[in-house]
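The structure file entry36.csv is reproduced below (CSV, C-alpha atoms and all ligand atoms).
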chain,number,residue,atom,x,y,z
A,1,MET,CA,-52.9,61.1,152.1
A,2,ALA,CA,-49.6,59.3,152.2
A,3,LEU,CA,-48.5,56.2,150.2
A,4,LYS,CA,-45.9,53.6,151.2
A,5,ILE,CA,-44.9,51.3,148.3
A,6,GLU,CA,-43.2,48.2,149.8
A,7,LYS,CA,-41.3,45.6,147.7
A,8,LEU,CA,-43.7,45.9,144.8
A,9,SER,CA,-43.3,43.6,141.9
A,10,LYS,CA,-45.1,42.8,138.7
A,11,ALA,CA,-44.2,39.9,136.4
A,12,PHE,CA,-45.6,39.1,133.0
A,13,GLY,CA,-44.6,35.5,132.6
A,14,ASP,CA,-40.9,35.4,132.8
A,15,LEU,CA,-40.5,39.2,132.3
A,16,VAL,CA,-40.3,41.1,135.6
A,17,ALA,CA,-41.6,44.6,134.6
A,18,VAL,CA,-41.3,46.0,138.1
A,19,ASN,CA,-38.9,44.4,140.5
A,20,ASP,CA,-39.0,44.8,144.2
A,21,VAL,CA,-39.7,48.6,144.3
A,22,SER,CA,-40.1,50.5,147.5
A,23,PHE,CA,-40.6,54.2,148.1
A,24,ASP,CA,-42.7,56.6,150.3
A,25,VAL,CA,-44.9,59.3,148.9
A,26,PRO,CA,-45.8,62.0,151.4
A,27,ALA,CA,-48.9,64.1,150.8
A,28,GLY,CA,-48.7,66.9,148.3
A,29,GLN,CA,-45.5,66.0,146.5
A,30,MET,CA,-45.1,66.2,142.7
A,31,ILE,CA,-43.0,63.3,141.6
A,32,GLY,CA,-41.6,62.6,138.1
A,33,ILE,CA,-40.8,59.1,137.1
A,34,ILE,CA,-38.3,58.8,134.3
A,35,GLY,CA,-36.6,56.0,132.5
A,36,ARG,CA,-36.3,54.6,129.0
A,37,SER,CA,-39.0,52.7,127.2
A,38,GLY,CA,-39.8,49.4,129.0
A,39,ALA,CA,-38.3,50.5,132.3
A,40,GLY,CA,-41.6,49.7,134.1
A,41,LYS,CA,-43.0,53.3,134.6
A,42,SER,CA,-46.5,52.6,133.3
A,43,THR,CA,-46.7,49.3,135.0
A,44,LEU,CA,-45.8,51.0,138.3
A,45,LEU,CA,-48.5,53.7,138.0
A,46,ARG,CA,-51.1,51.1,136.8
A,47,MET,CA,-50.5,49.0,139.9
A,48,ILE,CA,-51.0,52.0,142.2
A,49,ASN,CA,-54.3,52.7,140.5
A,50,ARG,CA,-54.9,48.9,140.4
A,51,LEU,CA,-55.4,48.8,136.6
A,52,ALA,CA,-52.8,46.1,137.0
A,53,ASP,CA,-52.6,43.7,139.9
A,54,PRO,CA,-49.2,43.4,141.6
A,55,THR,CA,-47.5,40.0,141.7
A,56,SER,CA,-46.2,40.8,145.2
A,57,GLY,CA,-45.7,43.6,147.6
A,58,ARG,CA,-47.8,46.2,149.3
A,59,ILE,CA,-49.2,49.6,148.5
A,60,LEU,CA,-50.1,51.1,151.8
A,61,VAL,CA,-52.4,54.2,151.8
A,62,GLU,CA,-53.1,56.4,154.8
A,63,GLY,CA,-55.7,59.1,155.0
A,64,VAL,CA,-58.2,57.8,152.6
A,65,PHE,CA,-60.0,55.1,154.5
A,66,ASP,CA,-60.6,55.1,158.3
A,67,ALA,CA,-57.5,53.0,158.8
A,68,PRO,CA,-54.3,52.4,156.7
A,69,VAL,CA,-55.1,50.0,153.9
A,70,ASP,CA,-53.1,47.8,151.5
A,71,VAL,CA,-54.5,48.9,148.1
A,72,ALA,CA,-53.0,45.8,146.5
A,73,LYS,CA,-55.6,43.8,148.4
A,74,LEU,CA,-58.7,45.9,147.8
A,75,LYS,CA,-61.8,44.5,146.1
A,76,GLY,CA,-65.3,45.6,145.2
A,77,LYS,CA,-66.6,48.8,146.7
A,78,ARG,CA,-63.4,49.8,148.4
A,79,LEU,CA,-61.4,49.3,145.3
A,80,ARG,CA,-63.9,51.6,143.4
A,81,GLN,CA,-63.5,54.1,146.2
A,82,TRP,CA,-59.7,54.0,145.9
A,83,ARG,CA,-59.9,54.4,142.1
A,84,ALA,CA,-62.1,57.5,142.7
A,85,GLN,CA,-59.4,58.9,145.0
A,86,CYS,CA,-56.6,58.0,142.7
A,87,ALA,CA,-57.4,59.8,139.4
A,88,MET,CA,-55.5,58.8,136.2
A,89,VAL,CA,-54.6,60.8,133.1
A,90,PHE,CA,-53.2,59.1,130.0
A,91,GLN,CA,-51.1,59.9,127.0
A,92,GLN,CA,-54.1,59.4,124.7
A,93,PHE,CA,-56.5,61.3,126.9
A,94,ASN,CA,-59.2,58.6,126.9
A,95,LEU,CA,-62.2,60.9,126.5
A,96,VAL,CA,-65.4,59.5,125.0
A,97,PRO,CA,-65.1,61.1,121.5
A,98,ARG,CA,-68.8,61.6,120.6
A,99,LEU,CA,-69.8,63.1,123.9
A,100,THR,CA,-69.5,66.7,124.8
A,101,VAL,CA,-66.7,68.1,127.0
A,102,MET,CA,-69.3,68.8,129.7
A,103,THR,CA,-70.7,65.2,129.7
A,104,ASN,CA,-67.2,63.7,129.6
A,105,VAL,CA,-66.3,65.6,132.8
A,106,LEU,CA,-69.6,65.1,134.5
A,107,MET,CA,-69.3,61.3,134.1
A,108,ALA,CA,-66.4,61.3,136.4
A,109,ARG,CA,-68.8,62.4,139.2
A,110,ILE,CA,-70.5,59.0,138.9
A,111,SER,CA,-68.6,57.5,141.8
A,112,TYR,CA,-70.4,60.0,144.0
A,113,HIS,CA,-73.8,58.6,143.1
A,114,PRO,CA,-75.8,55.4,143.7
A,115,THR,CA,-76.0,53.1,140.7
A,116,LEU,CA,-79.4,54.0,139.4
A,117,ARG,CA,-78.7,57.8,139.3
A,118,SER,CA,-75.5,56.9,137.5
A,119,LEU,CA,-77.1,54.7,134.9
A,120,LEU,CA,-79.6,57.4,134.1
A,121,LEU,CA,-76.9,60.1,134.1
A,122,LEU,CA,-78.8,62.2,136.6
A,123,PHE,CA,-76.4,64.8,137.8
A,124,THR,CA,-77.0,67.2,140.6
A,125,PRO,CA,-76.4,71.0,140.5
A,126,LYS,CA,-73.3,70.4,142.6
A,127,ASP,CA,-71.9,68.1,140.0
A,128,ARG,CA,-72.5,70.7,137.3
A,129,ALA,CA,-70.9,73.4,139.5
A,130,PHE,CA,-67.9,71.2,140.0
A,131,THR,CA,-67.6,70.5,136.4
A,132,ILE,CA,-67.8,74.2,135.3
A,133,ARG,CA,-65.3,75.1,137.9
A,134,ALA,CA,-62.9,72.4,136.8
A,135,LEU,CA,-63.3,73.5,133.2
A,136,GLN,CA,-62.7,77.1,134.2
A,137,ARG,CA,-59.4,76.1,135.9
A,138,LEU,CA,-58.2,74.5,132.7
A,139,ASP,CA,-59.5,77.4,130.6
A,140,MET,CA,-61.9,75.1,128.7
A,141,VAL,CA,-65.3,76.5,129.6
A,142,SER,CA,-65.9,77.9,126.2
A,143,HIS,CA,-65.6,74.4,124.8
A,144,ALA,CA,-68.0,72.8,127.3
A,145,LEU,CA,-70.6,72.0,124.6
A,146,HIS,CA,-68.2,70.9,121.9
A,147,ARG,CA,-67.8,67.2,121.2
A,148,ALA,CA,-64.5,65.8,122.6
A,149,ASP,CA,-63.4,64.7,119.1
A,150,GLU,CA,-63.6,68.3,117.9
A,151,LEU,CA,-60.8,69.4,120.2
A,152,SER,CA,-57.1,69.5,119.6
A,153,GLY,CA,-54.9,67.1,121.6
A,154,GLY,CA,-53.9,69.8,124.1
A,155,GLN,CA,-57.5,70.7,124.7
A,156,GLN,CA,-58.4,67.1,125.1
A,157,GLN,CA,-55.8,66.6,127.7
A,158,ARG,CA,-57.0,69.7,129.6
A,159,VAL,CA,-60.5,68.2,129.6
A,160,ALA,CA,-59.0,64.9,130.8
A,161,ILE,CA,-57.4,66.8,133.7
A,162,ALA,CA,-60.7,68.6,134.5
A,163,ARG,CA,-62.3,65.1,134.5
A,164,ALA,CA,-59.7,63.9,137.0
A,165,LEU,CA,-60.3,66.9,139.2
A,166,VAL,CA,-64.0,66.5,139.6
A,167,GLN,CA,-63.3,63.1,141.0
A,168,GLU,CA,-61.9,65.1,144.0
A,169,PRO,CA,-58.9,62.8,144.1
A,170,LYS,CA,-56.2,62.8,146.7
A,171,ILE,CA,-53.7,61.7,144.2
A,172,LEU,CA,-53.3,62.2,140.4
A,173,LEU,CA,-51.4,59.7,138.3
A,174,ALA,CA,-50.4,60.9,134.9
A,175,ASP,CA,-48.8,58.4,132.4
A,176,GLU,CA,-46.9,60.4,129.8
A,177,PRO,CA,-49.5,63.2,129.8
A,178,ILE,CA,-47.6,65.4,127.3
A,179,ALA,CA,-46.0,62.8,125.1
A,180,SER,CA,-48.5,63.4,122.3
A,181,LEU,CA,-48.5,67.2,122.6
A,182,ASP,CA,-46.6,70.0,120.9
A,183,LEU,CA,-44.4,72.3,123.1
A,184,ARG,CA,-47.0,75.0,123.7
A,185,ASN,CA,-49.7,72.5,124.8
A,186,ALA,CA,-47.2,70.5,126.8
A,187,THR,CA,-46.4,73.6,128.7
A,188,ILE,CA,-50.0,74.4,129.4
A,189,VAL,CA,-50.7,70.9,130.6
A,190,MET,CA,-47.6,70.7,132.8
A,191,ASP,CA,-48.3,74.2,134.3
A,192,ALA,CA,-51.9,73.0,135.0
A,193,LEU,CA,-50.7,69.8,136.8
A,194,ARG,CA,-48.2,71.9,138.8
A,195,ARG,CA,-50.8,74.4,139.8
A,196,ILE,CA,-53.3,71.7,140.9
A,197,ASN,CA,-50.5,70.1,142.9
A,198,ARG,CA,-49.7,73.4,144.6
A,199,GLU,CA,-53.1,74.9,145.1
A,200,ASP,CA,-55.1,71.8,145.9
A,201,GLY,CA,-52.4,69.9,147.7
A,202,ILE,CA,-53.1,66.9,145.4
A,203,THR,CA,-50.2,64.5,145.1
A,204,VAL,CA,-49.1,64.1,141.5
A,205,ILE,CA,-47.0,61.3,140.1
A,206,CYS,CA,-46.2,61.7,136.5
A,207,ASN,CA,-44.3,59.5,134.1
A,208,LEU,CA,-42.3,61.8,131.9
A,209,HIS,CA,-40.4,61.1,128.8
A,210,LEU,CA,-38.1,64.1,128.9
A,211,LEU,CA,-35.6,64.5,131.7
A,212,GLN,CA,-35.8,68.3,131.5
A,213,THR,CA,-39.6,68.3,132.0
A,214,ALA,CA,-39.2,66.3,135.2
A,215,LYS,CA,-36.4,68.7,136.4
A,216,ASP,CA,-38.5,71.8,135.6
A,217,TYR,CA,-41.7,70.7,137.3
A,218,CYS,CA,-41.1,68.1,139.9
A,219,ASP,CA,-40.1,68.2,143.6
A,220,ARG,CA,-38.6,64.8,143.3
A,221,ILE,CA,-37.4,62.5,140.5
A,222,ILE,CA,-37.6,58.7,140.6
A,223,GLY,CA,-35.4,57.1,137.9
A,224,MET,CA,-36.3,53.6,136.8
A,225,ARG,CA,-34.2,51.1,134.9
A,226,LYS,CA,-35.2,47.6,134.0
A,227,GLY,CA,-38.0,47.5,136.6
A,228,GLU,CA,-35.9,48.9,139.5
A,229,ILE,CA,-35.4,52.3,141.1
A,230,VAL,CA,-31.9,53.5,140.4
A,231,PHE,CA,-32.4,57.1,141.5
A,232,ASP,CA,-34.7,58.8,144.0
A,233,GLY,CA,-34.1,62.3,145.0
A,234,LYS,CA,-34.3,66.0,144.2
A,235,PRO,CA,-33.8,67.2,140.7
A,236,SER,CA,-30.8,69.2,141.8
A,237,ASP,CA,-29.2,65.9,143.1
A,238,LEU,CA,-29.5,64.2,139.7
A,239,SER,CA,-26.1,64.3,138.1
A,240,ASP,CA,-25.5,64.0,134.4
A,241,ALA,CA,-23.7,60.7,135.0
A,242,MET,CA,-26.7,59.3,136.9
A,243,ALA,CA,-29.1,60.5,134.2
A,244,ARG,CA,-27.0,58.8,131.6
A,245,GLU,CA,-27.1,55.6,133.7
A,246,ILE,CA,-30.9,55.8,134.0
A,247,TYR,CA,-31.3,56.2,130.3
A,248,GLY,CA,-28.5,53.8,129.4
A,249,VAL,CA,-26.9,56.5,127.2
A,250,GLY,CA,-23.9,55.2,125.3
A,251,GLU,CA,-24.6,51.6,126.2
A,252,HIS,CA,-25.4,50.6,122.7
A,253,GLY,CA,-22.7,48.4,121.2
A,254,ALA,CA,-19.7,50.0,119.4
A,255,GLY,CA,-20.6,51.0,115.9
A,256,GLU,CA,-24.3,50.8,116.5
A,257,PRO,CA,-26.5,53.9,116.0
A,258,ALA,CA,-27.6,55.6,119.2
A,259,ASP,CA,-31.1,54.9,120.3
A,260,ASP,CA,-32.9,58.1,119.0
A,261,ASP,CA,-35.5,57.8,121.6
A,262,VAL,CA,-33.0,57.8,124.5
A,263,GLU,CA,-30.9,60.6,123.0
A,264,LEU,CA,-34.0,62.7,122.7
A,265,ALA,CA,-35.3,62.1,126.2
A,266,PHE,CA,-31.9,62.8,127.6
A,267,THR,CA,-30.7,65.7,125.5
A,268,ALA,CA,-33.8,67.6,124.5
A,269,THR,CA,-33.3,70.5,126.9
A,270,GLN,CA,-33.7,73.0,124.1
A,271,THR,CA,-37.2,71.9,123.2
A,272,SER,CA,-38.4,71.0,126.7
A,273,THR,CA,-41.4,72.3,128.5
A,274,SER,CA,-39.6,74.7,130.7
A,275,ALA,CA,-42.0,76.9,132.6
A,276,ALA,CA,-39.2,79.4,133.0
A,277,ALA,CA,-38.4,79.5,129.4
A,278,GLU,CA,-42.0,79.8,128.3
A,279,PRO,CA,-43.8,82.4,130.3
A,280,GLY,CA,-47.2,83.6,129.1
A,281,HIS,CA,-49.4,80.6,130.1
A,282,GLU,CA,-50.3,82.2,133.4
A,283,LYS,CA,-54.0,82.2,132.9
A,284,VAL,CA,-54.2,78.4,133.0
A,285,ALA,CA,-55.9,77.1,136.2
A,286,LYS,CA,-56.0,80.4,137.9
A,287,VAL,CA,-59.8,80.7,138.3
A,288,GLY,CA,-61.4,79.4,141.4
B,1,LIG,N1,-49.7,43.6,129.7
B,1,LIG,C1,-48.5,43.2,129.5
B,1,LIG,N2,-48.2,42.0,129.1
B,1,LIG,C2,-46.9,41.6,128.9
B,1,LIG,N3,-45.8,42.4,129.1
B,1,LIG,C3,-46.1,43.7,129.5
B,1,LIG,C4,-47.4,44.1,129.7
B,1,LIG,N4,-47.3,45.4,130.1
B,1,LIG,C5,-46.0,45.8,130.1
B,1,LIG,N5,-45.3,44.7,129.7
B,1,LIG,C6,-43.8,44.7,129.6
B,1,LIG,O1,-43.3,45.2,130.8
B,1,LIG,C7,-42.2,46.0,130.6
B,1,LIG,C8,-42.4,47.4,131.2
B,1,LIG,O2,-43.4,48.0,130.5
B,1,LIG,P1,-44.0,49.5,130.8
B,1,LIG,O3,-45.1,49.7,129.9
B,1,LIG,O4,-44.3,49.5,132.3
B,1,LIG,O5,-42.7,50.4,130.5
B,1,LIG,P2,-42.6,51.9,130.4
B,1,LIG,O6,-41.5,52.3,131.3
B,1,LIG,O7,-43.9,52.5,130.7
B,1,LIG,O8,-42.2,52.2,128.9
B,1,LIG,P3,-42.7,53.3,127.9
B,1,LIG,O9,-41.7,54.5,128.2
B,1,LIG,O10,-42.4,52.7,126.5
B,1,LIG,O11,-44.1,53.7,128.1
B,1,LIG,C9,-41.9,46.0,129.1
B,1,LIG,O12,-40.9,45.1,128.8
B,1,LIG,C10,-43.3,45.6,128.6
B,1,LIG,O13,-43.1,45.0,127.3
B,2,MG,MG,-45.2,53.7,129.6

Serialized structure, structure tokens:
Amino acid sequence: MALKIEKLSKAFGDLVAVNDVSFDVPAGQMIGIIGRSGAGKSTLLRMINRLADPTSGRILVEGVFDAPVDVAKLKGKRLRQWRAQCAMVFQQFNLVPRLTVMTNVLMARISYHPTLRSLLLLFTPKDRAFTIRALQRLDMVSHALHRADELSGGQQQRVAIARALVQEPKILLADEPIASLDLRNATIVMDALRRINREDGITVICNLHLLQTAKDYCDRIIGMRKGEIVFDGKPSDLSDAMAREIYGVGEHGAGEPADDDVELAFTATQTSTSAAAEPGHEKVAKVG
């Protein structure tokens, strides 16, 4: 599956959240989108998944339907099909708290069933096998019968990724998937996303708060500023000066305190989720 984003924009009234953005996504890439708060990262991902409707522009997708399709124009059944192919993971996990891990993940198989079966929550042995395998890959099988609200944040995010996997997506969009996690869990989750990308060839686009996480895990970094793309390239091509520009470091007025949030995102190399710096999570996602 390949994506071609063409002149995509989203305005909320007078505010242009995403402004005339264009880029291609070849199959199988892992892309990190960085930028300071309000840069338009979430809005961009939400448009690709069609949780938000673009104001203008096109999102061309190849290799999902029988012919290339502009996702921005999809409606009804085809829109539901696209959403199934384009799984999304959120900062706040979005599991159903009172349901078990197993049911939370099984429910993502619904798009593969006719309405009545779905309403009755009648799942097939294949659905169950998919679910168990996905939970195994995220090292969460032993929690299958626990309620989602009994899990830690890191465990919930692993369940959310398992839920995304059983959709059998071609692309996985993750909006700040580790922003609510401690370092250890953040590493487990990023390792899992990387492995899914490598082993299954699923394209991953991930909004990331910390520059260093994007550098450690992604093939490509897209830097956004005020709704526009100001950098698109390999992590090794992202200079310090460019990173400062993306985050607007040092642009606060003279005498003003630095924006803590920006300073952290830009400088937190010591506390980042570096796979190299944190070995020992190798068991994640190895099964299957
Ligand atoms: N539903 C909405 N209605 C009005 N304005 C919105 C809406 N969603 C986003 N915005 C505005 O659009 C701009 C981009 O928001 P967006 O959430 O995409 O930024 P972001 O880069 O994801 O930021 P963060 O790092 O804080 O998550 C912001 O100015 C935001 O206030
Ligand atoms: Mg956001």

Neighbour list for segment 221-233 of chain A as a PyMOL selection string, cut-off 12 Å, all atoms listed in the file, skip fewer than 6 positions in-chain: chain A and resi 5+7-12+15-25+29-44+204-215+239+241-249

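Atom CA of Leu106 of chain A sits 6.7 Å away from atom CA of Asp127 of chain A.
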
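Checking A:Phe130, A:Phe65, A:Trp82, A:Phe90 one by one against ligand MG 2 (chain B), counting all atoms listed in the file, you find the shortest gap at A:Phe90.
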
Minimum-distance residue to ligand MG 2 (chain B), chosen among A:Ser180, A:Asn104, A:Gln91, A:Gln81 (using all atoms listed in the file): A:Gln91

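Compared by their closest atoms to ligand LIG 1 (chain B), and using only C-alpha atoms and all ligand atoms, the residues A:Ala52, A:Val69, A:Leu60, A:Ala134 rank with A:Ala52 nearest.
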
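Distances from A:Arg83, A:Lys234, A:Arg133, A:Arg195 to Gln167 of chain A were compared using all atoms listed in the file, and the smallest one belongs to A:Arg83.
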